[in-house]
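Text of the file data_22.csv, holding CSV, C-alpha atoms and all ligand atoms:
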```
chain,number,residue,atom,x,y,z
A,850,MET,CA,15.9,-27.4,26.2
A,851,GLU,CA,13.4,-26.1,23.6
A,852,ALA,CA,15.4,-22.8,23.2
A,853,ILE,CA,18.6,-24.8,22.7
A,854,SER,CA,17.1,-27.0,20.0
A,855,LYS,CA,15.5,-24.0,18.3
A,856,ASN,CA,18.8,-22.1,18.1
A,857,PHE,CA,20.6,-25.3,17.0
A,858,PHE,CA,18.2,-25.9,14.1
A,859,LEU,CA,18.2,-22.2,13.1
A,860,TYR,CA,22.1,-22.4,13.1
A,861,LEU,CA,21.9,-25.5,10.9
A,862,SER,CA,19.5,-23.8,8.6
A,863,ASN,CA,22.2,-21.4,7.6
A,864,ASN,CA,25.0,-24.0,7.2
A,865,LYS,CA,26.1,-23.8,3.5
A,866,LEU,CA,28.0,-27.2,3.6
A,867,LEU,CA,24.9,-29.0,4.9
A,868,ASP,CA,22.8,-27.2,2.3
A,869,ARG,CA,25.1,-28.5,-0.5
A,870,LEU,CA,25.0,-32.0,0.9
A,871,ALA,CA,21.3,-31.9,1.3
A,872,LYS,CA,21.0,-31.0,-2.4
A,873,ARG,CA,23.2,-33.9,-3.3
A,874,PHE,CA,21.2,-36.5,-1.3
A,875,GLY,CA,17.7,-35.2,-2.0
A,876,THR,CA,14.6,-35.1,0.2
A,877,ARG,CA,15.4,-38.3,2.1
A,878,PHE,CA,16.0,-38.0,5.8
A,879,GLY,CA,12.4,-37.1,6.7
A,880,ALA,CA,12.1,-33.9,4.6
A,881,ASP,CA,9.7,-35.6,2.2
A,882,LYS,CA,7.1,-35.6,5.0
A,883,ILE,CA,6.9,-31.8,4.8
A,884,VAL,CA,8.2,-31.0,1.3
A,885,GLY,CA,6.5,-32.1,-2.0
A,886,GLY,CA,9.7,-33.1,-3.9
A,887,GLU,CA,12.6,-31.4,-5.6
A,888,THR,CA,10.7,-30.7,-8.8
A,889,PHE,CA,7.0,-29.7,-9.6
A,890,SER,CA,6.6,-33.0,-11.5
A,891,GLN,CA,7.4,-34.9,-8.4
A,892,ALA,CA,4.8,-33.0,-6.5
A,893,ILE,CA,2.0,-33.6,-9.0
A,894,PRO,CA,0.9,-37.1,-7.7
A,895,LEU,CA,0.9,-35.8,-4.2
A,896,ILE,CA,-1.3,-32.8,-5.1
A,897,GLN,CA,-3.7,-35.2,-6.9
A,898,GLN,CA,-3.8,-37.4,-3.8
A,899,LEU,CA,-4.5,-34.3,-1.5
A,900,ASN,CA,-7.2,-33.2,-3.9
A,901,GLN,CA,-8.8,-36.6,-3.8
A,902,GLU,CA,-8.9,-36.3,0.0
A,903,GLY,CA,-10.9,-33.0,-0.4
A,904,LEU,CA,-7.9,-30.7,0.3
A,905,GLN,CA,-7.0,-27.8,-1.9
A,906,VAL,CA,-3.4,-26.8,-2.3
A,907,THR,CA,-1.1,-23.9,-2.7
A,908,VAL,CA,2.4,-24.7,-4.0
A,909,ASP,CA,5.5,-22.7,-3.3
A,910,HIS,CA,8.8,-23.1,-5.2
A,911,LEU,CA,11.4,-23.0,-2.4
A,912,GLY,CA,14.1,-20.4,-2.5
A,913,GLU,CA,14.4,-16.8,-1.4
A,914,PHE,CA,16.9,-14.0,-1.4
A,915,VAL,CA,17.9,-14.1,-5.1
A,916,ASN,CA,20.8,-11.8,-5.8
A,917,CYS,CA,21.0,-11.6,-9.6
A,918,GLU,CA,18.6,-10.7,-12.3
A,919,SER,CA,18.9,-13.9,-14.3
A,920,GLU,CA,18.1,-16.0,-11.3
A,921,ALA,CA,15.0,-13.9,-10.5
A,922,LYS,CA,13.8,-14.4,-14.1
A,923,GLU,CA,14.4,-18.1,-13.8
A,924,ARG,CA,12.3,-18.1,-10.7
A,925,ALA,CA,9.5,-16.3,-12.5
A,926,GLN,CA,9.7,-18.9,-15.3
A,927,GLU,CA,9.4,-21.7,-12.8
A,928,CYS,CA,6.2,-20.1,-11.5
A,929,ILE,CA,4.8,-19.8,-15.0
A,930,HIS,CA,5.7,-23.4,-15.7
A,931,THR,CA,4.0,-24.4,-12.5
A,932,ILE,CA,0.8,-22.5,-13.4
A,933,GLN,CA,0.8,-24.2,-16.8
A,934,SER,CA,1.1,-27.6,-15.2
A,935,ILE,CA,-1.7,-26.8,-12.7
A,936,ALA,CA,-3.9,-26.1,-15.7
A,937,GLN,CA,-2.7,-29.1,-17.7
A,938,TYR,CA,-3.3,-31.6,-14.9
A,939,GLN,CA,-6.4,-29.8,-13.7
A,940,LEU,CA,-5.1,-29.6,-10.2
A,941,GLN,CA,-7.0,-27.7,-7.5
A,942,SER,CA,-4.0,-25.6,-6.6
A,943,GLU,CA,-3.0,-22.0,-6.2
A,944,VAL,CA,0.6,-20.7,-6.3
A,945,SER,CA,2.4,-18.9,-3.4
A,946,LEU,CA,5.6,-16.9,-4.0
A,947,LYS,CA,8.0,-14.7,-2.3
A,948,LEU,CA,8.9,-11.3,-3.8
A,949,THR,CA,12.6,-11.7,-2.8
A,950,SER,CA,12.8,-14.7,-5.1
A,951,LEU,CA,11.6,-12.4,-8.0
A,952,GLY,CA,14.2,-9.8,-7.3
A,953,LEU,CA,12.8,-7.5,-4.6
A,954,ASP,CA,16.3,-6.9,-3.2
A,955,ILE,CA,17.6,-6.1,-6.7
A,956,SER,CA,15.1,-3.6,-8.3
A,957,ARG,CA,11.4,-2.8,-8.1
A,958,GLU,CA,11.1,-2.8,-11.9
A,959,LEU,CA,12.4,-6.3,-12.1
A,960,VAL,CA,9.7,-7.5,-9.6
A,961,TYR,CA,7.0,-5.7,-11.6
A,962,GLU,CA,8.2,-7.3,-14.8
A,963,ASN,CA,8.3,-10.8,-13.3
A,964,MET,CA,4.9,-10.3,-11.6
A,965,GLU,CA,3.3,-9.1,-14.8
A,966,ASN,CA,4.5,-12.2,-16.7
A,967,ILE,CA,3.3,-14.5,-13.9
A,968,LEU,CA,-0.1,-12.9,-13.4
A,969,GLN,CA,-0.9,-12.8,-17.1
A,970,GLU,CA,-0.3,-16.5,-17.3
A,971,ALA,CA,-2.3,-17.1,-14.0
A,972,GLU,CA,-5.2,-15.0,-15.3
A,973,LYS,CA,-5.2,-17.0,-18.6
A,974,HIS,CA,-5.6,-20.3,-16.6
A,975,GLY,CA,-7.7,-19.0,-13.7
A,976,VAL,CA,-5.0,-19.7,-11.1
A,977,THR,CA,-4.8,-17.6,-8.0
A,978,VAL,CA,-1.4,-16.3,-6.8
A,979,THR,CA,-0.6,-15.3,-3.2
A,980,ILE,CA,2.4,-13.2,-2.3
A,981,ASP,CA,3.8,-14.6,0.9
A,982,MET,CA,4.8,-11.9,3.5
A,983,GLU,CA,8.5,-11.9,4.5
A,984,ASP,CA,10.2,-9.9,7.3
A,985,SER,CA,9.0,-6.5,8.4
A,986,SER,CA,11.6,-4.6,6.4
A,987,ARG,CA,10.0,-5.8,3.2
A,988,CYS,CA,6.3,-5.4,4.3
A,989,GLU,CA,5.7,-1.9,3.0
A,990,ALA,CA,7.2,-2.7,-0.5
A,991,THR,CA,5.2,-6.0,-0.6
A,992,LEU,CA,1.9,-4.2,0.1
A,993,GLU,CA,2.7,-1.5,-2.4
A,994,ILE,CA,3.4,-4.0,-5.1
A,995,TYR,CA,0.3,-6.0,-4.0
A,996,LYS,CA,-2.0,-2.9,-4.4
A,997,THR,CA,-0.5,-1.9,-7.8
A,998,MET,CA,-0.9,-5.4,-9.2
A,999,LYS,CA,-4.3,-6.1,-7.5
A,1000,ALA,CA,-5.7,-3.0,-9.3
A,1001,LYS,CA,-5.0,-4.9,-12.6
A,1002,TYR,CA,-5.3,-8.6,-11.7
A,1003,SER,CA,-8.2,-9.9,-9.5
A,1004,ASN,CA,-6.6,-13.3,-8.9
A,1005,LEU,CA,-4.0,-12.1,-6.4
A,1006,GLY,CA,-3.7,-12.5,-2.7
A,1007,THR,CA,-1.2,-11.6,0.0
A,1008,VAL,CA,-0.5,-12.2,3.7
A,1009,ILE,CA,-0.9,-10.1,6.8
A,1010,GLN,CA,1.0,-11.0,10.0
A,1011,SER,CA,-0.7,-10.5,13.4
A,1012,TYR,CA,2.6,-10.0,15.2
A,1013,LEU,CA,3.1,-6.6,13.6
A,1014,TYR,CA,1.6,-3.5,15.2
A,1015,ARG,CA,0.7,-2.1,11.8
A,1016,SER,CA,-1.5,-5.0,10.6
A,1017,CYS,CA,-5.0,-3.9,11.7
A,1018,GLY,CA,-4.3,-0.6,9.9
A,1019,ASP,CA,-3.1,-2.5,6.8
A,1020,LEU,CA,-6.4,-4.4,6.8
A,1021,ASP,CA,-8.3,-1.0,6.7
A,1022,GLU,CA,-6.0,0.3,4.0
A,1023,LEU,CA,-6.5,-2.9,1.8
A,1024,ASP,CA,-10.3,-3.0,2.3
A,1025,SER,CA,-11.0,-1.0,-0.9
A,1026,TYR,CA,-9.0,-3.4,-3.0
A,1027,ASP,CA,-11.4,-6.4,-2.6
A,1028,PRO,CA,-8.4,-8.3,-1.1
A,1029,TYR,CA,-7.8,-12.0,-0.8
A,1030,LEU,CA,-5.9,-12.2,2.4
A,1031,ARG,CA,-4.1,-15.0,4.3
A,1032,LEU,CA,-3.9,-14.1,8.0
A,1033,VAL,CA,-1.0,-15.6,10.0
A,1034,LYS,CA,0.8,-14.9,13.2
A,1035,GLY,CA,4.1,-14.3,11.5
A,1036,ALA,CA,7.3,-16.4,11.2
A,1037,TYR,CA,10.3,-14.0,11.3
A,1038,LYS,CA,12.4,-12.8,14.2
A,1039,GLU,CA,11.2,-9.2,14.7
A,1040,SER,CA,12.1,-6.5,17.2
A,1041,GLY,CA,9.7,-5.1,19.9
A,1042,LYS,CA,9.7,-1.8,17.9
A,1043,VAL,CA,7.5,-3.3,15.2
A,1044,ALA,CA,6.0,-6.4,16.7
A,1045,PHE,CA,4.1,-7.5,19.8
A,1046,PRO,CA,6.6,-9.0,22.2
A,1047,GLU,CA,4.1,-11.5,23.8
A,1048,LYS,CA,2.5,-14.5,22.2
A,1049,LYS,CA,-0.9,-13.7,23.8
A,1050,MET,CA,-1.0,-10.3,22.1
A,1051,VAL,CA,-0.1,-11.9,18.8
A,1052,ASP,CA,-2.9,-14.5,19.2
A,1053,ASP,CA,-5.4,-11.8,20.3
A,1054,ASN,CA,-4.5,-9.6,17.4
A,1055,LEU,CA,-5.0,-12.5,15.0
A,1056,LYS,CA,-8.5,-13.1,16.4
A,1057,GLN,CA,-9.3,-9.4,16.0
A,1058,MET,CA,-8.0,-9.4,12.4
A,1059,ILE,CA,-10.0,-12.5,11.4
A,1060,GLU,CA,-13.1,-10.9,12.8
A,1061,LYS,CA,-12.4,-7.5,11.1
A,1062,ASN,CA,-11.6,-9.0,7.7
A,1063,LEU,CA,-14.5,-11.4,7.6
A,1064,LEU,CA,-17.0,-8.8,8.8
A,1065,ASN,CA,-15.6,-6.4,6.1
A,1066,GLY,CA,-16.7,-9.1,3.6
A,1067,ASN,CA,-13.2,-9.9,2.4
A,1068,TYR,CA,-12.1,-13.4,1.5
A,1069,THR,CA,-10.1,-14.7,4.4
A,1070,ALA,CA,-7.7,-17.6,4.7
A,1071,ILE,CA,-7.0,-18.5,8.3
A,1072,ALA,CA,-3.5,-20.0,8.3
A,1073,SER,CA,-2.8,-21.5,11.7
A,1074,HIS,CA,-2.4,-24.9,13.3
A,1075,ASP,CA,-3.6,-23.5,16.6
A,1076,ASP,CA,-6.9,-25.1,17.9
A,1077,ALA,CA,-7.8,-21.9,19.7
A,1078,ILE,CA,-7.7,-19.9,16.5
A,1079,ILE,CA,-9.6,-22.6,14.6
A,1080,GLU,CA,-12.3,-22.8,17.3
A,1081,PHE,CA,-12.6,-19.0,17.4
A,1082,THR,CA,-13.1,-18.9,13.7
A,1083,LYS,CA,-15.7,-21.7,13.7
A,1084,ASN,CA,-17.7,-19.8,16.4
A,1085,LEU,CA,-17.4,-16.5,14.6
A,1086,VAL,CA,-18.6,-17.7,11.2
A,1087,LYS,CA,-21.5,-19.5,13.0
A,1088,LYS,CA,-22.5,-16.4,14.9
A,1089,HIS,CA,-22.5,-14.2,11.9
A,1090,ASN,CA,-23.8,-16.8,9.4
A,1091,ILE,CA,-20.8,-16.3,7.1
A,1092,PRO,CA,-20.9,-18.8,4.2
A,1093,THR,CA,-18.1,-21.3,3.7
A,1094,ASP,CA,-17.2,-19.7,0.3
A,1095,ARG,CA,-16.0,-16.6,2.1
A,1096,TYR,CA,-13.1,-18.2,4.0
A,1097,GLU,CA,-10.8,-21.2,4.3
A,1098,PHE,CA,-8.4,-22.8,6.7
A,1099,GLN,CA,-4.8,-23.2,5.6
A,1100,MET,CA,-2.1,-25.4,7.1
A,1101,LEU,CA,1.4,-26.5,6.1
A,1102,TYR,CA,1.8,-29.8,4.3
A,1103,GLY,CA,2.6,-32.6,6.9
A,1104,MET,CA,1.3,-30.6,9.9
A,1105,ARG,CA,-1.8,-31.6,11.8
A,1106,ASN,CA,-3.0,-34.1,9.1
A,1107,GLN,CA,-5.8,-35.4,11.3
A,1108,THR,CA,-7.1,-31.9,12.0
A,1109,GLN,CA,-7.0,-31.1,8.2
A,1110,ALA,CA,-9.1,-34.3,7.5
A,1111,ASP,CA,-11.5,-33.5,10.3
A,1112,LEU,CA,-12.2,-30.0,9.0
A,1113,VAL,CA,-12.8,-31.3,5.5
A,1114,LYS,CA,-15.3,-33.9,7.0
A,1115,GLU,CA,-17.1,-31.0,8.9
A,1116,GLY,CA,-17.6,-29.2,5.5
A,1117,TYR,CA,-14.9,-26.5,5.8
A,1118,ASN,CA,-12.6,-25.6,2.9
A,1119,VAL,CA,-9.0,-26.5,3.8
A,1120,ARG,CA,-5.9,-25.6,1.7
A,1121,VAL,CA,-2.5,-27.2,2.2
A,1122,TYR,CA,0.7,-25.1,1.7
A,1123,LEU,CA,3.0,-27.5,-0.2
A,1124,PRO,CA,6.6,-26.4,-0.8
A,1125,TYR,CA,8.8,-28.0,-3.4
A,1126,GLY,CA,12.2,-27.5,-4.9
A,1127,GLU,CA,15.9,-28.2,-4.5
A,1128,ASP,CA,16.2,-25.5,-1.8
A,1129,TRP,CA,14.2,-27.6,0.8
A,1130,TYR,CA,17.0,-27.7,3.4
A,1131,GLY,CA,16.5,-24.3,5.0
A,1132,TYR,CA,12.7,-24.7,5.1
A,1133,PHE,CA,13.1,-28.1,6.7
A,1134,MET,CA,15.5,-26.9,9.4
A,1135,ARG,CA,13.2,-23.9,10.2
A,1136,ARG,CA,10.2,-26.2,10.7
A,1137,LEU,CA,12.3,-28.4,13.0
A,1138,ALA,CA,13.3,-25.2,14.9
A,1139,GLU,CA,9.7,-24.1,15.2
A,1140,ARG,CA,8.4,-27.3,16.6
A,1141,PRO,CA,10.7,-29.8,18.3
A,1142,ALA,CA,8.0,-32.5,17.9
A,1143,ASN,CA,8.8,-32.4,14.1
A,1144,ILE,CA,12.2,-33.9,15.0
A,1145,ALA,CA,10.5,-37.2,15.8
A,1146,PHE,CA,9.3,-37.8,12.3
A,1147,ALA,CA,12.6,-36.6,10.8
A,1148,LEU,CA,14.4,-39.3,12.8
A,1149,LYS,CA,11.8,-41.9,11.8
A,1150,GLY,CA,12.5,-40.8,8.2
A,1151,ILE,CA,16.3,-41.3,8.6
A,1152,PHE,CA,16.1,-44.8,10.2
A,1153,SER,CA,13.4,-46.2,8.0
A,1154,LYS,CA,15.5,-45.7,4.8
B,1201,LIG,C1,-0.5,-22.0,5.1
B,1201,LIG,C2,0.5,-21.1,5.9
B,1201,LIG,C3,1.1,-20.1,5.2
B,1201,LIG,C4,2.0,-19.2,5.9
B,1201,LIG,N1,2.5,-18.1,5.3
B,1201,LIG,C5,3.3,-17.3,6.0
B,1201,LIG,C6,3.8,-16.1,5.4
B,1201,LIG,O1,3.6,-15.8,4.3
B,1201,LIG,N2,4.5,-15.2,6.2
B,1201,LIG,C7,4.8,-15.5,7.5
B,1201,LIG,O2,5.5,-14.7,8.2
B,1201,LIG,N3,4.3,-16.7,8.1
B,1201,LIG,C8,3.6,-17.5,7.4
B,1201,LIG,N4,3.1,-18.7,8.0
B,1201,LIG,C9,3.7,-19.1,9.3
B,1201,LIG,C10,2.9,-18.5,10.5
B,1201,LIG,O3,3.1,-17.1,10.5
B,1201,LIG,C11,3.3,-19.1,11.8
B,1201,LIG,O4,4.7,-18.9,12.1
B,1201,LIG,C12,3.1,-20.6,11.9
B,1201,LIG,O5,1.9,-21.0,11.3
B,1201,LIG,C13,3.0,-21.0,13.4
B,1201,LIG,O6,1.8,-20.4,14.0
B,1201,LIG,P1,0.5,-21.2,14.3
B,1201,LIG,O7,-0.6,-20.2,14.4
B,1201,LIG,O8,0.3,-22.3,13.3
B,1201,LIG,O9,0.7,-21.9,15.7
B,1201,LIG,P2,1.7,-21.6,17.0
B,1201,LIG,O10,1.4,-20.3,17.5
B,1201,LIG,O11,3.1,-21.9,16.5
B,1201,LIG,O12,1.2,-22.7,18.0
B,1201,LIG,C14,0.0,-22.6,18.7
B,1201,LIG,C15,-0.4,-24.0,19.1
B,1201,LIG,O13,-0.9,-24.7,17.9
B,1201,LIG,C16,-0.6,-26.1,18.0
B,1201,LIG,N5,0.3,-26.4,16.9
B,1201,LIG,C17,1.1,-25.6,16.2
B,1201,LIG,N6,1.8,-26.3,15.3
B,1201,LIG,C18,1.4,-27.6,15.4
B,1201,LIG,C19,1.8,-28.8,14.7
B,1201,LIG,N7,2.6,-28.8,13.7
B,1201,LIG,N8,1.2,-29.9,15.1
B,1201,LIG,C20,0.3,-30.0,16.2
B,1201,LIG,N9,0.0,-28.8,16.8
B,1201,LIG,C21,0.5,-27.7,16.5
B,1201,LIG,C22,0.1,-26.3,19.4
B,1201,LIG,O14,-0.9,-26.6,20.3
B,1201,LIG,C23,0.7,-24.9,19.7
B,1201,LIG,O15,0.9,-24.7,21.0
B,1201,LIG,C24,2.2,-19.5,7.3
B,1201,LIG,C25,1.6,-20.6,8.0
B,1201,LIG,C26,0.7,-21.4,7.3
B,1201,LIG,C27,0.0,-22.5,8.0
```
Translate this file's structure into structure tokens.
Ligand SMILES: Cc1cc2nc3c(=O)[nH]c(=O)nc-3n(C[C@H](O)[C@H](O)[C@H](O)COP(=O)(O)OP(=O)(O)OC[C@H]3O[C@@H](n4cnc5c(N)ncnc54)[C@H](O)[C@@H]3O)c2cc1C
Amino acid sequence: MEAISKNFFLYLSNNKLLDRLAKRFGTRFGADKIVGGETFSQAIPLIQQLNQEGLQVTVDHLGEFVNCESEAKERAQECIHTIQSIAQYQLQSEVSLKLTSLGLDISRELVYENMENILQEAEKHGVTVTIDMEDSSRCEATLEIYKTMKAKYSNLGTVIQSYLYRSCGDLDELDSYDPYLRLVKGAYKESGKVAFPEKKMVDDNLKQMIEKNLLNGNYTAIASHDDAIIEFTKNLVKKHNIPTDRYEFQMLYGMRNQTQADLVKEGYNVRVYLPYGEDWYGYFMRRLAERPANIAFALKGIFSK
């Protein structure tokens, strides 16, 4: 049953007609429980509310796989505008972005130009930017761009996925860059040639990576909703006396709200990943596919309107 609903929602996530309809009707139908709005202005009161609750934020303008130069430049402008608004409203928020939205599939020069513009503005306002990690075919290029830009801009992070065989090696390779790293299990469908086929191996590798990165002294964002990973991290930092300013927990907006609040109460730093933008439909469907329990609050959203 779970596999059927997963495939069903992944199929729906690629449906262009539903995507167009979704844009017309806005983030009603439950999407507003996991998406911050269609524009950054709509997300501002929500970020202020999260900040008041002791949660920090990273915002992501939804939309990937841009195919033309002008659209990639528009996406970069949106990031710049977001950074300026974060500064103007004094929000405790970082920015997350995907390199495909800045033209990774068009040309490397275009990505560098867009990243330069974004990072100059981010540096000016003291805002940190994290490059999300996409599928494995884009991992090498993403890390190359990360290293090049990190040598120039300190306020830059990226993501390493524990399902990839290469990831422990990538941590070693990045060690000399004083990296800011978000560690995750990985969200894309990958082949056994590049990724661990079993969940236990992915989980064990994530634990190993968290330990390695923290003991290397690098800032670590542990991005998982999994109690076992959270408990592992809590025990590890206690054992090695690692101060709370060297790591943080991260979770997606709308997921495990009580756990987020409990962690804040216990004195841990917690950051919420808050997506916004008109292209919310695919993100919403992928979250429904990932976790059937999310369907319940989507249905509640539809019937309470
Ligand atoms: C802040 C953030 C940023 C991310 N960035 C990236 C990225 O750049 N690239 C990328 O590939 N992936 C990214 N991911 C996604 C990540 O790779 C995983 O696909 C996703 O987080 C699911 O793995 P998990 O560790 O949360 O838990 P899972 O392994 O999916 O689940 C383990 C257990 O955790 C509990 N659990 C999980 N979700 C929930 C929930 N919603 N409510 C209650 N319990 C739950 C359940 O007990 C479940 O059995 C990101 C995730 C987060 C949180």
Could you list, as a tab-separated table (two decimals) with C-alpha atoms, in the coordinates of the input, all protein and nucleic acid residues with an atom at most 7 Å from ligand LIG 1201 (chain B), counting only C-alpha atoms and all ligand atoms?
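After the write, pocket_2.tsv holds the following:
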```tsv
chain	number	residue	atom	x	y	z
A	981	ASP	CA	3.80	-14.60	0.90
A	982	MET	CA	4.80	-11.90	3.50
A	983	GLU	CA	8.50	-11.90	4.50
A	984	ASP	CA	10.20	-9.90	7.30
A	1008	VAL	CA	-0.50	-12.20	3.70
A	1010	GLN	CA	1.00	-11.00	10.00
A	1033	VAL	CA	-1.00	-15.60	10.00
A	1034	LYS	CA	0.80	-14.90	13.20
A	1035	GLY	CA	4.10	-14.30	11.50
A	1036	ALA	CA	7.30	-16.40	11.20
A	1037	TYR	CA	10.30	-14.00	11.30
A	1072	ALA	CA	-3.50	-20.00	8.30
A	1073	SER	CA	-2.80	-21.50	11.70
A	1074	HIS	CA	-2.40	-24.90	13.30
A	1075	ASP	CA	-3.60	-23.50	16.60
A	1076	ASP	CA	-6.90	-25.10	17.90
A	1099	GLN	CA	-4.80	-23.20	5.60
A	1100	MET	CA	-2.10	-25.40	7.10
A	1101	LEU	CA	1.40	-26.50	6.10
A	1104	MET	CA	1.30	-30.60	9.90
A	1105	ARG	CA	-1.80	-31.60	11.80
A	1121	VAL	CA	-2.50	-27.20	2.20
A	1122	TYR	CA	0.70	-25.10	1.70
A	1140	ARG	CA	8.40	-27.30	16.60
```
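Among the candidates A:Glu962, A:Glu1139, A:Glu902, A:Glu1127, the residue lying nearest to Phe889 in chain A is A:Glu1127 (atoms considered: all atoms listed in the file).
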> Within 12 Å of range 993-998 of chain A, counting all atoms listed in the file, which residues qualify if same-chain residues fewer than 3 places away don't, as a ChimeraX atom specification?
Replying inline: /A:947-948,953,957-969,978-982,987-990,1001-1009,1019,1022-1030
Selection to disk with C-alpha atoms, as a CSV table (one decimal), keeping the file's coordinate frame:
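Below is the file result-v6.csv, written as the result:
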```
chain,number,residue,atom,x,y,z
A,947,LYS,CA,8.0,-14.7,-2.3
A,948,LEU,CA,8.9,-11.3,-3.8
A,953,LEU,CA,12.8,-7.5,-4.6
A,957,ARG,CA,11.4,-2.8,-8.1
A,958,GLU,CA,11.1,-2.8,-11.9
A,959,LEU,CA,12.4,-6.3,-12.1
A,960,VAL,CA,9.7,-7.5,-9.6
A,961,TYR,CA,7.0,-5.7,-11.6
A,962,GLU,CA,8.2,-7.3,-14.8
A,963,ASN,CA,8.3,-10.8,-13.3
A,964,MET,CA,4.9,-10.3,-11.6
A,965,GLU,CA,3.3,-9.1,-14.8
A,966,ASN,CA,4.5,-12.2,-16.7
A,967,ILE,CA,3.3,-14.5,-13.9
A,968,LEU,CA,-0.1,-12.9,-13.4
A,969,GLN,CA,-0.9,-12.8,-17.1
A,978,VAL,CA,-1.4,-16.3,-6.8
A,979,THR,CA,-0.6,-15.3,-3.2
A,980,ILE,CA,2.4,-13.2,-2.3
A,981,ASP,CA,3.8,-14.6,0.9
A,982,MET,CA,4.8,-11.9,3.5
A,987,ARG,CA,10.0,-5.8,3.2
A,988,CYS,CA,6.3,-5.4,4.3
A,989,GLU,CA,5.7,-1.9,3.0
A,990,ALA,CA,7.2,-2.7,-0.5
A,1001,LYS,CA,-5.0,-4.9,-12.6
A,1002,TYR,CA,-5.3,-8.6,-11.7
A,1003,SER,CA,-8.2,-9.9,-9.5
A,1004,ASN,CA,-6.6,-13.3,-8.9
A,1005,LEU,CA,-4.0,-12.1,-6.4
A,1006,GLY,CA,-3.7,-12.5,-2.7
A,1007,THR,CA,-1.2,-11.6,0.0
A,1008,VAL,CA,-0.5,-12.2,3.7
A,1009,ILE,CA,-0.9,-10.1,6.8
A,1019,ASP,CA,-3.1,-2.5,6.8
A,1022,GLU,CA,-6.0,0.3,4.0
A,1023,LEU,CA,-6.5,-2.9,1.8
A,1024,ASP,CA,-10.3,-3.0,2.3
A,1025,SER,CA,-11.0,-1.0,-0.9
A,1026,TYR,CA,-9.0,-3.4,-3.0
A,1027,ASP,CA,-11.4,-6.4,-2.6
A,1028,PRO,CA,-8.4,-8.3,-1.1
A,1029,TYR,CA,-7.8,-12.0,-0.8
A,1030,LEU,CA,-5.9,-12.2,2.4
```
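Rounded to one decimal, CA of Glu887 in chain A and CA of Pro1124 in chain A lie 9.2 Å from each other.
Between CA of Thr977 in chain A and CA of Cys917 in chain A lies a distance of 26.5 Å.
Of the residues under consideration (A:Gln1057, A:Ala971, A:Glu923, A:Asn916), A:Asn916 shows the shortest atom-to-atom contact distance to Ile955 in chain A when counting all atoms listed in the file.
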>> Rounded to one decimal, what separation in Å do you get between CA of His1089 in chain A and CA of Asp1053 in chain A?
In response: 19.2 Å
> Please, which residues are within 9 Å of (-1.7, -15.9, 19.3) by the file's coordinates, counting only C-alpha atoms, and could they come as an MDAnalysis selection string?
Replying inline: chainID A and resid 1011:1012 1034 1047:1056 1075 1077:1078
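Comparing A:Tyr1102, A:Tyr1014, A:Gln898, A:Tyr1068 by their smallest distance to Pro1046 in chain A, the closest is A:Tyr1014 (using only C-alpha atoms).
Closest approach to Glu920 in chain A from the set A:Gly952, A:Gly975, A:Pro894, A:Gly885 is made by A:Gly952, with distances taken over all atoms listed in the file.
Within 6 Å of the point (-1.1, -20.0, -1.0) in file coordinates, and counting all atoms listed in the file, lie the residues Thr907, Glu943, Val944, Ser945 and Thr979 of chain A.
Distances to Ser934 in chain A were evaluated for A:Leu951, A:Ala892, A:Val1113, A:Leu1032 using all atoms listed in the file, and the minimum falls at A:Ala892.
Each of A:Ser942, A:Leu1064, A:Leu992, A:Ile893 was compared to Arg1120 in chain A using only C-alpha atoms, and A:Ser942 turns out to be the nearest.
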Enclose range 978-994 of chain A, meaning all of its atoms listed in the file, in a box aligned along x, y and z, pad it by 5 Å on each side, and list the centre and edge lengths in Å to one decimal, as lines of an AutoDock Vina configuration file.
```
center_x = 5.1
center_y = -8.9
center_z = 0.8
size_x = 23.0
size_y = 24.8
size_z = 25.2
```
